[in-house]
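> See work_20.csv below, with CSV, C-alpha atoms.
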```
chain,number,residue,atom,x,y,z
A,2,MET,CA,-21.1,33.9,8.6
A,3,PHE,CA,-22.3,31.5,5.9
A,4,VAL,CA,-22.2,34.1,3.1
A,5,GLU,CA,-18.4,34.4,3.7
A,6,LEU,CA,-18.0,30.7,3.5
A,7,MET,CA,-19.8,30.1,0.2
A,8,PRO,CA,-16.8,30.6,-2.1
A,9,LEU,CA,-14.9,27.9,-0.2
A,10,LEU,CA,-17.9,25.6,0.1
A,11,LYS,CA,-18.1,25.6,-3.7
A,12,GLU,CA,-14.7,23.7,-3.7
A,13,ARG,CA,-14.8,21.6,-0.6
A,14,THR,CA,-16.7,20.5,2.4
A,15,LEU,CA,-16.1,22.3,5.7
A,16,LEU,CA,-16.5,20.9,9.2
A,17,ILE,CA,-17.5,23.6,11.7
A,18,THR,CA,-17.2,22.9,15.4
A,19,VAL,CA,-18.3,25.2,18.2
A,20,ALA,CA,-17.4,24.5,21.9
A,21,ARG,CA,-17.5,26.4,25.1
A,22,VAL,CA,-14.2,26.8,26.9
A,23,ASP,CA,-14.7,28.4,30.3
A,24,ASP,CA,-16.6,31.6,29.6
A,25,ARG,CA,-15.5,31.8,26.0
A,26,VAL,CA,-16.5,30.2,22.8
A,27,LYS,CA,-14.2,28.4,20.4
A,28,VAL,CA,-15.1,28.0,16.7
A,29,ASN,CA,-13.1,25.7,14.4
A,30,VAL,CA,-13.5,25.7,10.6
A,31,ILE,CA,-11.8,22.7,9.1
A,32,PRO,CA,-11.6,22.2,5.3
A,33,ALA,CA,-11.9,18.6,4.1
A,34,LYS,CA,-9.4,17.1,1.7
A,35,VAL,CA,-10.8,17.1,-1.9
A,36,LYS,CA,-8.4,14.5,-3.4
A,37,GLU,CA,-5.6,12.3,-2.3
A,38,GLY,CA,-2.2,13.9,-2.6
A,39,GLU,CA,-3.5,17.4,-2.2
A,40,ASP,CA,-1.3,19.9,-0.4
A,41,HIS,CA,-1.8,19.9,3.3
A,42,ALA,CA,-1.9,23.7,3.4
A,43,LEU,CA,-5.3,23.6,1.8
A,44,THR,CA,-6.7,21.7,4.8
A,45,THR,CA,-5.3,24.1,7.4
A,46,PRO,CA,-8.1,24.8,9.9
A,47,LEU,CA,-9.1,28.2,11.3
A,48,SER,CA,-9.6,28.3,15.0
A,49,LEU,CA,-11.0,31.4,16.8
A,50,THR,CA,-11.7,31.8,20.5
A,51,GLY,CA,-13.5,34.8,22.0
A,52,SER,CA,-16.5,35.9,23.9
A,53,ALA,CA,-19.9,35.4,22.2
A,54,GLU,CA,-20.1,39.1,21.6
A,55,GLU,CA,-16.7,39.3,20.0
A,56,LEU,CA,-17.4,36.3,17.7
A,57,ASP,CA,-20.8,37.8,16.7
A,58,SER,CA,-19.1,41.0,15.6
A,59,GLU,CA,-15.7,39.7,14.2
A,60,LEU,CA,-16.3,36.1,13.0
A,61,GLY,CA,-17.6,37.2,9.6
A,62,ARG,CA,-14.6,39.4,8.9
A,63,HIS,CA,-12.1,36.7,10.0
A,64,LEU,CA,-13.9,34.0,7.9
A,65,ALA,CA,-13.8,36.3,4.8
A,66,GLY,CA,-10.1,36.8,5.2
A,67,TYR,CA,-9.6,33.0,5.7
A,68,VAL,CA,-11.6,32.2,2.6
A,69,ASP,CA,-9.7,34.7,0.5
A,70,SER,CA,-6.3,33.4,1.7
A,71,HIS,CA,-7.4,29.8,1.1
A,72,LEU,CA,-8.6,30.5,-2.4
A,73,ALA,CA,-5.5,32.5,-3.3
A,74,LEU,CA,-3.3,29.6,-2.0
A,75,GLY,CA,-5.2,27.1,-4.0
A,76,SER,CA,-4.9,29.3,-7.1
A,77,THR,CA,-1.1,29.8,-6.5
A,78,LEU,CA,-0.6,26.1,-6.0
A,79,ALA,CA,-2.5,25.3,-9.3
A,80,GLU,CA,-0.4,27.9,-11.2
A,81,ALA,CA,2.8,26.5,-9.8
A,82,LYS,CA,1.8,23.0,-10.7
A,83,ALA,CA,0.9,24.0,-14.3
A,84,GLU,CA,4.3,25.8,-14.6
A,85,MET,CA,6.2,22.8,-13.4
A,86,ASP,CA,4.3,20.5,-15.7
A,87,ALA,CA,5.0,22.8,-18.7
A,88,ALA,CA,8.7,23.0,-17.7
A,89,ALA,CA,9.0,19.2,-17.4
A,90,LYS,CA,7.3,18.8,-20.8
A,91,ALA,CA,9.7,21.3,-22.4
A,92,ALA,CA,12.7,19.5,-20.8
A,93,ARG,CA,11.5,16.1,-22.1
A,94,GLN,CA,11.0,17.6,-25.6
A,95,LYS,CA,14.5,19.2,-25.5
A,96,VAL,CA,16.1,15.8,-24.6
A,97,LYS,CA,14.1,14.1,-27.3
A,98,THR,CA,15.2,16.6,-29.9
A,99,ALA,CA,18.8,16.4,-28.7
A,100,GLN,CA,18.8,12.6,-29.0
A,101,GLN,CA,17.4,12.8,-32.5
A,102,THR,CA,19.9,15.3,-33.7
A,103,SER,CA,22.9,13.5,-32.1
A,104,LYS,CA,22.3,10.1,-33.8
A,105,PRO,CA,25.3,9.6,-36.1
A,106,ASP,CA,25.0,8.8,-39.8
A,107,PRO,CA,25.8,5.1,-40.3
A,108,ALA,CA,28.2,5.9,-43.3
A,109,VAL,CA,30.1,8.5,-41.2
A,110,ALA,CA,30.2,6.2,-38.2
A,111,ASN,CA,31.9,3.4,-40.2
A,112,LYS,CA,34.6,5.7,-41.4
A,113,ASP,CA,35.3,6.9,-37.8
A,114,GLU,CA,35.6,3.4,-36.4
A,115,SER,CA,39.1,1.8,-36.1
A,116,PRO,CA,39.8,-1.0,-38.6
A,117,GLY,CA,39.3,-4.2,-36.8
A,118,PRO,CA,40.6,-5.3,-33.4
A,119,ALA,CA,43.9,-4.2,-32.1
A,120,ALA,CA,47.0,-6.2,-32.9
A,121,PRO,CA,47.9,-8.7,-30.2
A,122,GLY,CA,51.4,-7.4,-29.7
A,123,THR,CA,50.3,-3.8,-29.1
A,124,ASP,CA,49.0,-4.4,-25.6
A,125,THR,CA,50.9,-2.1,-23.2
A,126,THR,CA,49.9,-4.0,-20.1
A,127,PRO,CA,52.9,-5.9,-18.8
A,128,SER,CA,52.5,-9.6,-18.4
A,129,LEU,CA,54.2,-12.0,-16.1
A,130,PHE,CA,54.8,-14.2,-19.1
A,131,ALA,CA,56.0,-11.5,-21.5
A,132,ALA,CA,59.6,-12.6,-21.5
A,133,GLN,CA,58.7,-16.2,-22.2
A,134,GLN,CA,56.4,-15.2,-25.0
A,135,ASP,CA,59.1,-13.1,-26.7
A,136,ALA,CA,61.8,-15.7,-26.4
A,137,GLU,CA,62.1,-18.8,-28.6
A,138,PRO,CA,60.2,-21.7,-27.2
A,139,THR,CA,62.4,-24.3,-25.7
A,140,THR,CA,61.4,-27.8,-25.5
A,141,PRO,CA,63.3,-30.8,-24.2
A,142,ALA,CA,63.4,-32.3,-27.7
A,143,ALA,CA,65.0,-29.1,-29.1
A,144,ASP,CA,67.6,-29.2,-26.3
A,145,ARG,CA,68.4,-32.8,-27.0
A,146,LYS,CA,68.8,-32.1,-30.7
A,147,GLY,CA,71.2,-29.3,-30.1
A,148,ASP,CA,73.1,-31.7,-27.8
A,149,LEU,CA,73.3,-34.3,-30.5
A,150,GLU,CA,74.6,-31.9,-33.1
A,151,LEU,CA,77.3,-30.8,-30.8
A,152,GLN,CA,78.4,-34.4,-30.1
A,153,SER,CA,78.5,-35.4,-33.8
A,154,SER,CA,80.8,-32.6,-34.9
```
Translate this file's structure into structure tokens.


Amino acid sequence: MFVELMPLLKERTLLITVARVDDRVKVNVIPAKVKEGEDHALTTPLSLTGSAEELDSELGRHLAGYVDSHLALGSTLAEAKAEMDAAAKAARQKVKTAQQTSKPDPAVANKDESPGPAAPGTDTTPSLFAAQQDAEPTTPAADRKGDLELQSS
């Protein structure tokens, strides 16, 4: 039984519980978490229930399969993490390269810019006061002057 657990024991601590349930025996093998943030699948326990004779003859085989599956899962997760890290690094590098190549030349940028601000009369947004701005300003003094000229003629 312990020979089968040795590969897993190299990586993490295992908690083994044995209990009697009626006329049967229940064995639990619970892997401990190695580090914070570790995938919960790596701490999935193995629980076997059977007669003492059944566990004596079959427990080693079940433990060996459990350890193999656990080690394969750990390896697969590590490979997937490495691939994701490499892809993220490549994406960051691609963005950085794209940003460096898309920076415009200052001499070219000045030629492309429009010369100065737009003329004030070219605004196409209608204004409530547009008619008043286009018409000649009228002041009471100008009106009186016109009245005076009419009277003197």

> Can you tell me which residues surround A:Lys36 at a distance of at most 12 Å, considering only C-alpha atoms, apart from same-chain residues fewer than 6 positions away, and format the answer as a list in words?

Glu12, Arg13, Thr14, Leu43 and Thr44 of chain A

> Could you take the residues named above and write them with C-alpha atoms, as a CSV table (one decimal), in the frame of the given file?


```csv
chain,number,residue,atom,x,y,z
A,12,GLU,CA,-14.7,23.7,-3.7
A,13,ARG,CA,-14.8,21.6,-0.6
A,14,THR,CA,-16.7,20.5,2.4
A,43,LEU,CA,-5.3,23.6,1.8
A,44,THR,CA,-6.7,21.7,4.8
```

> For A:Lys82, which of A:Leu10, A:Glu39, A:Leu16, A:Gln100 is the closest residue, counting all atoms listed in the file?

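With all atoms listed in the file as the atom set, the closest residue is A:Glu39.
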
> Restricting the calculation to all atoms listed in the file: of A:Ala87, A:Leu47, A:Ala92, A:Met2, which residue gets closest to A:Tyr67?

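Closest to A:Tyr67 of all the choices is A:Leu47.
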
> Let me make sure I understand: among A:Ala65, A:Val96, A:Met85, A:Leu78, which one has the smallest atom-to-atom distance to A:Pro8 if we use all atoms listed in the file?

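Using all atoms listed in the file, the shortest distance to A:Pro8 belongs to A:Ala65.
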
> What is the atom CA of A:Glu55-atom CA of A:Val28 distance in Å, reported with one decimal?

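Atom-to-atom, atom CA of A:Glu55 to atom CA of A:Val28, that is 11.9 Å.
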
> What's the separation between atom CA of A:Leu49 and atom CA of A:Val4, in Å to one decimal place?

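So the answer is 17.9 Å.
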
> Please measure the separation of atom CA of A:Arg25 and atom CA of A:Ser48, giving the value in Å to one decimal.

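Separating atom CA of A:Arg25 from atom CA of A:Ser48 is a distance of 13.0 Å.
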
> Save stretch 40-83 of chain A to a file: N, CA and C atoms, as a PDB file, in the first residue's frame.


```pdb
ATOM      1  N   ASP A  40      -5.075  24.215  -7.930  1.00  0.00           N
ATOM      2  CA  ASP A  40      -6.333  23.679  -8.441  1.00  0.00           C
ATOM      3  C   ASP A  40      -6.899  22.664  -7.447  1.00  0.00           C
ATOM      4  N   HIS A  41      -8.202  22.792  -7.203  1.00  0.00           N
ATOM      5  CA  HIS A  41      -8.870  21.902  -6.239  1.00  0.00           C
ATOM      6  C   HIS A  41      -8.884  20.452  -6.697  1.00  0.00           C
ATOM      7  N   ALA A  42      -8.743  20.205  -7.973  1.00  0.00           N
ATOM      8  CA  ALA A  42      -8.742  18.826  -8.470  1.00  0.00           C
ATOM      9  C   ALA A  42      -7.553  18.049  -7.901  1.00  0.00           C
ATOM     10  N   LEU A  43      -6.477  18.772  -7.563  1.00  0.00           N
ATOM     11  CA  LEU A  43      -5.301  18.083  -7.025  1.00  0.00           C
ATOM     12  C   LEU A  43      -5.474  17.682  -5.559  1.00  0.00           C
ATOM     13  N   THR A  44      -6.548  18.108  -4.947  1.00  0.00           N
ATOM     14  CA  THR A  44      -6.809  17.715  -3.557  1.00  0.00           C
ATOM     15  C   THR A  44      -8.067  16.851  -3.451  1.00  0.00           C
ATOM     16  N   THR A  45      -8.468  16.234  -4.554  1.00  0.00           N
ATOM     17  CA  THR A  45      -9.633  15.349  -4.550  1.00  0.00           C
ATOM     18  C   THR A  45      -9.291  14.065  -3.791  1.00  0.00           C
ATOM     19  N   PRO A  46     -10.079  13.740  -2.783  1.00  0.00           N
ATOM     20  CA  PRO A  46      -9.767  12.538  -1.995  1.00  0.00           C
ATOM     21  C   PRO A  46     -10.208  11.249  -2.694  1.00  0.00           C
ATOM     22  N   LEU A  47      -9.598  10.157  -2.279  1.00  0.00           N
ATOM     23  CA  LEU A  47      -9.994   8.819  -2.720  1.00  0.00           C
ATOM     24  C   LEU A  47     -10.658   8.154  -1.526  1.00  0.00           C
ATOM     25  N   SER A  48     -11.827   7.601  -1.733  1.00  0.00           N
ATOM     26  CA  SER A  48     -12.551   6.938  -0.666  1.00  0.00           C
ATOM     27  C   SER A  48     -12.981   5.558  -1.144  1.00  0.00           C
ATOM     28  N   LEU A  49     -12.570   4.537  -0.408  1.00  0.00           N
ATOM     29  CA  LEU A  49     -12.899   3.151  -0.760  1.00  0.00           C
ATOM     30  C   LEU A  49     -13.565   2.479   0.440  1.00  0.00           C
ATOM     31  N   THR A  50     -14.615   1.719   0.158  1.00  0.00           N
ATOM     32  CA  THR A  50     -15.305   0.979   1.206  1.00  0.00           C
ATOM     33  C   THR A  50     -15.442  -0.468   0.747  1.00  0.00           C
ATOM     34  N   GLY A  51     -15.118  -1.389   1.619  1.00  0.00           N
ATOM     35  CA  GLY A  51     -15.218  -2.818   1.296  1.00  0.00           C
ATOM     36  C   GLY A  51     -14.925  -3.653   2.524  1.00  0.00           C
ATOM     37  N   SER A  52     -14.979  -4.950   2.325  1.00  0.00           N
ATOM     38  CA  SER A  52     -14.629  -5.846   3.433  1.00  0.00           C
ATOM     39  C   SER A  52     -13.124  -5.792   3.636  1.00  0.00           C
ATOM     40  N   ALA A  53     -12.674  -6.220   4.763  1.00  0.00           N
ATOM     41  CA  ALA A  53     -11.241  -6.214   5.058  1.00  0.00           C
ATOM     42  C   ALA A  53     -10.485  -7.043   4.031  1.00  0.00           C
ATOM     43  N   GLU A  54     -11.055  -8.168   3.620  1.00  0.00           N
ATOM     44  CA  GLU A  54     -10.409  -9.032   2.640  1.00  0.00           C
ATOM     45  C   GLU A  54     -10.327  -8.332   1.269  1.00  0.00           C
ATOM     46  N   GLU A  55     -11.421  -7.680   0.881  1.00  0.00           N
ATOM     47  CA  GLU A  55     -11.420  -6.963  -0.398  1.00  0.00           C
ATOM     48  C   GLU A  55     -10.368  -5.856  -0.408  1.00  0.00           C
ATOM     49  N   LEU A  56     -10.301  -5.096   0.657  1.00  0.00           N
ATOM     50  CA  LEU A  56      -9.327  -4.006   0.715  1.00  0.00           C
ATOM     51  C   LEU A  56      -7.897  -4.538   0.739  1.00  0.00           C
ATOM     52  N   ASP A  57      -7.688  -5.646   1.432  1.00  0.00           N
ATOM     53  CA  ASP A  57      -6.338  -6.245   1.440  1.00  0.00           C
ATOM     54  C   ASP A  57      -5.902  -6.612   0.028  1.00  0.00           C
ATOM     55  N   SER A  58      -6.812  -7.147  -0.769  1.00  0.00           N
ATOM     56  CA  SER A  58      -6.425  -7.611  -2.095  1.00  0.00           C
ATOM     57  C   SER A  58      -6.481  -6.503  -3.154  1.00  0.00           C
ATOM     58  N   GLU A  59      -7.355  -5.521  -3.017  1.00  0.00           N
ATOM     59  CA  GLU A  59      -7.572  -4.534  -4.069  1.00  0.00           C
ATOM     60  C   GLU A  59      -7.040  -3.125  -3.773  1.00  0.00           C
ATOM     61  N   LEU A  60      -6.777  -2.800  -2.538  1.00  0.00           N
ATOM     62  CA  LEU A  60      -6.401  -1.433  -2.185  1.00  0.00           C
ATOM     63  C   LEU A  60      -5.139  -0.975  -2.915  1.00  0.00           C
ATOM     64  N   GLY A  61      -4.141  -1.803  -3.016  1.00  0.00           N
ATOM     65  CA  GLY A  61      -2.890  -1.444  -3.692  1.00  0.00           C
ATOM     66  C   GLY A  61      -3.114  -1.065  -5.147  1.00  0.00           C
ATOM     67  N   ARG A  62      -3.934  -1.835  -5.842  1.00  0.00           N
ATOM     68  CA  ARG A  62      -4.215  -1.553  -7.253  1.00  0.00           C
ATOM     69  C   ARG A  62      -4.972  -0.232  -7.409  1.00  0.00           C
ATOM     70  N   HIS A  63      -5.959   0.008  -6.546  1.00  0.00           N
ATOM     71  CA  HIS A  63      -6.723   1.258  -6.612  1.00  0.00           C
ATOM     72  C   HIS A  63      -5.849   2.468  -6.253  1.00  0.00           C
ATOM     73  N   LEU A  64      -4.987   2.309  -5.280  1.00  0.00           N
ATOM     74  CA  LEU A  64      -4.082   3.390  -4.917  1.00  0.00           C
ATOM     75  C   LEU A  64      -3.112   3.714  -6.051  1.00  0.00           C
ATOM     76  N   ALA A  65      -2.599   2.684  -6.711  1.00  0.00           N
ATOM     77  CA  ALA A  65      -1.675   2.902  -7.835  1.00  0.00           C
ATOM     78  C   ALA A  65      -2.371   3.672  -8.963  1.00  0.00           C
ATOM     79  N   GLY A  66      -3.611   3.308  -9.279  1.00  0.00           N
ATOM     80  CA  GLY A  66      -4.363   4.029 -10.308  1.00  0.00           C
ATOM     81  C   GLY A  66      -4.648   5.465  -9.898  1.00  0.00           C
ATOM     82  N   TYR A  67      -4.976   5.673  -8.632  1.00  0.00           N
ATOM     83  CA  TYR A  67      -5.242   7.012  -8.113  1.00  0.00           C
ATOM     84  C   TYR A  67      -3.993   7.884  -8.196  1.00  0.00           C
ATOM     85  N   VAL A  68      -2.873   7.347  -7.795  1.00  0.00           N
ATOM     86  CA  VAL A  68      -1.612   8.103  -7.830  1.00  0.00           C
ATOM     87  C   VAL A  68      -1.234   8.447  -9.266  1.00  0.00           C
ATOM     88  N   ASP A  69      -1.363   7.479 -10.180  1.00  0.00           N
ATOM     89  CA  ASP A  69      -1.051   7.747 -11.589  1.00  0.00           C
ATOM     90  C   ASP A  69      -1.936   8.854 -12.150  1.00  0.00           C
ATOM     91  N   SER A  70      -3.235   8.778 -11.875  1.00  0.00           N
ATOM     92  CA  SER A  70      -4.171   9.804 -12.355  1.00  0.00           C
ATOM     93  C   SER A  70      -3.837  11.167 -11.750  1.00  0.00           C
ATOM     94  N   HIS A  71      -3.515  11.177 -10.481  1.00  0.00           N
ATOM     95  CA  HIS A  71      -3.190  12.424  -9.791  1.00  0.00           C
ATOM     96  C   HIS A  71      -1.930  13.060 -10.375  1.00  0.00           C
ATOM     97  N   LEU A  72      -0.913  12.263 -10.595  1.00  0.00           N
ATOM     98  CA  LEU A  72       0.334  12.784 -11.160  1.00  0.00           C
ATOM     99  C   LEU A  72       0.131  13.272 -12.594  1.00  0.00           C
ATOM    100  N   ALA A  73      -0.666  12.549 -13.378  1.00  0.00           N
ATOM    101  CA  ALA A  73      -0.946  12.965 -14.759  1.00  0.00           C
ATOM    102  C   ALA A  73      -1.717  14.280 -14.767  1.00  0.00           C
ATOM    103  N   LEU A  74      -2.678  14.423 -13.869  1.00  0.00           N
ATOM    104  CA  LEU A  74      -3.448  15.657 -13.773  1.00  0.00           C
ATOM    105  C   LEU A  74      -2.543  16.827 -13.397  1.00  0.00           C
ATOM    106  N   GLY A  75      -1.679  16.615 -12.433  1.00  0.00           N
ATOM    107  CA  GLY A  75      -0.747  17.669 -12.033  1.00  0.00           C
ATOM    108  C   GLY A  75       0.155  18.082 -13.175  1.00  0.00           C
ATOM    109  N   SER A  76       0.627  17.100 -13.939  1.00  0.00           N
ATOM    110  CA  SER A  76       1.483  17.384 -15.091  1.00  0.00           C
ATOM    111  C   SER A  76       0.726  18.142 -16.172  1.00  0.00           C
ATOM    112  N   THR A  77      -0.513  17.712 -16.444  1.00  0.00           N
ATOM    113  CA  THR A  77      -1.342  18.377 -17.450  1.00  0.00           C
ATOM    114  C   THR A  77      -1.630  19.814 -17.053  1.00  0.00           C
ATOM    115  N   LEU A  78      -1.953  20.042 -15.792  1.00  0.00           N
ATOM    116  CA  LEU A  78      -2.218  21.404 -15.324  1.00  0.00           C
ATOM    117  C   LEU A  78      -0.970  22.278 -15.435  1.00  0.00           C
ATOM    118  N   ALA A  79       0.182  21.724 -15.120  1.00  0.00           N
ATOM    119  CA  ALA A  79       1.432  22.484 -15.231  1.00  0.00           C
ATOM    120  C   ALA A  79       1.732  22.835 -16.686  1.00  0.00           C
ATOM    121  N   GLU A  80       1.507  21.881 -17.588  1.00  0.00           N
ATOM    122  CA  GLU A  80       1.723  22.150 -19.021  1.00  0.00           C
ATOM    123  C   GLU A  80       0.763  23.211 -19.537  1.00  0.00           C
ATOM    124  N   ALA A  81      -0.501  23.114 -19.138  1.00  0.00           N
ATOM    125  CA  ALA A  81      -1.491  24.102 -19.573  1.00  0.00           C
ATOM    126  C   ALA A  81      -1.134  25.489 -19.054  1.00  0.00           C
ATOM    127  N   LYS A  82      -0.690  25.574 -17.817  1.00  0.00           N
ATOM    128  CA  LYS A  82      -0.295  26.864 -17.250  1.00  0.00           C
ATOM    129  C   LYS A  82       0.903  27.431 -18.000  1.00  0.00           C
ATOM    130  N   ALA A  83       1.873  26.588 -18.318  1.00  0.00           N
ATOM    131  CA  ALA A  83       3.049  27.052 -19.064  1.00  0.00           C
ATOM    132  C   ALA A  83       2.660  27.545 -20.453  1.00  0.00           C
TER     133      ALA A  83
END
```
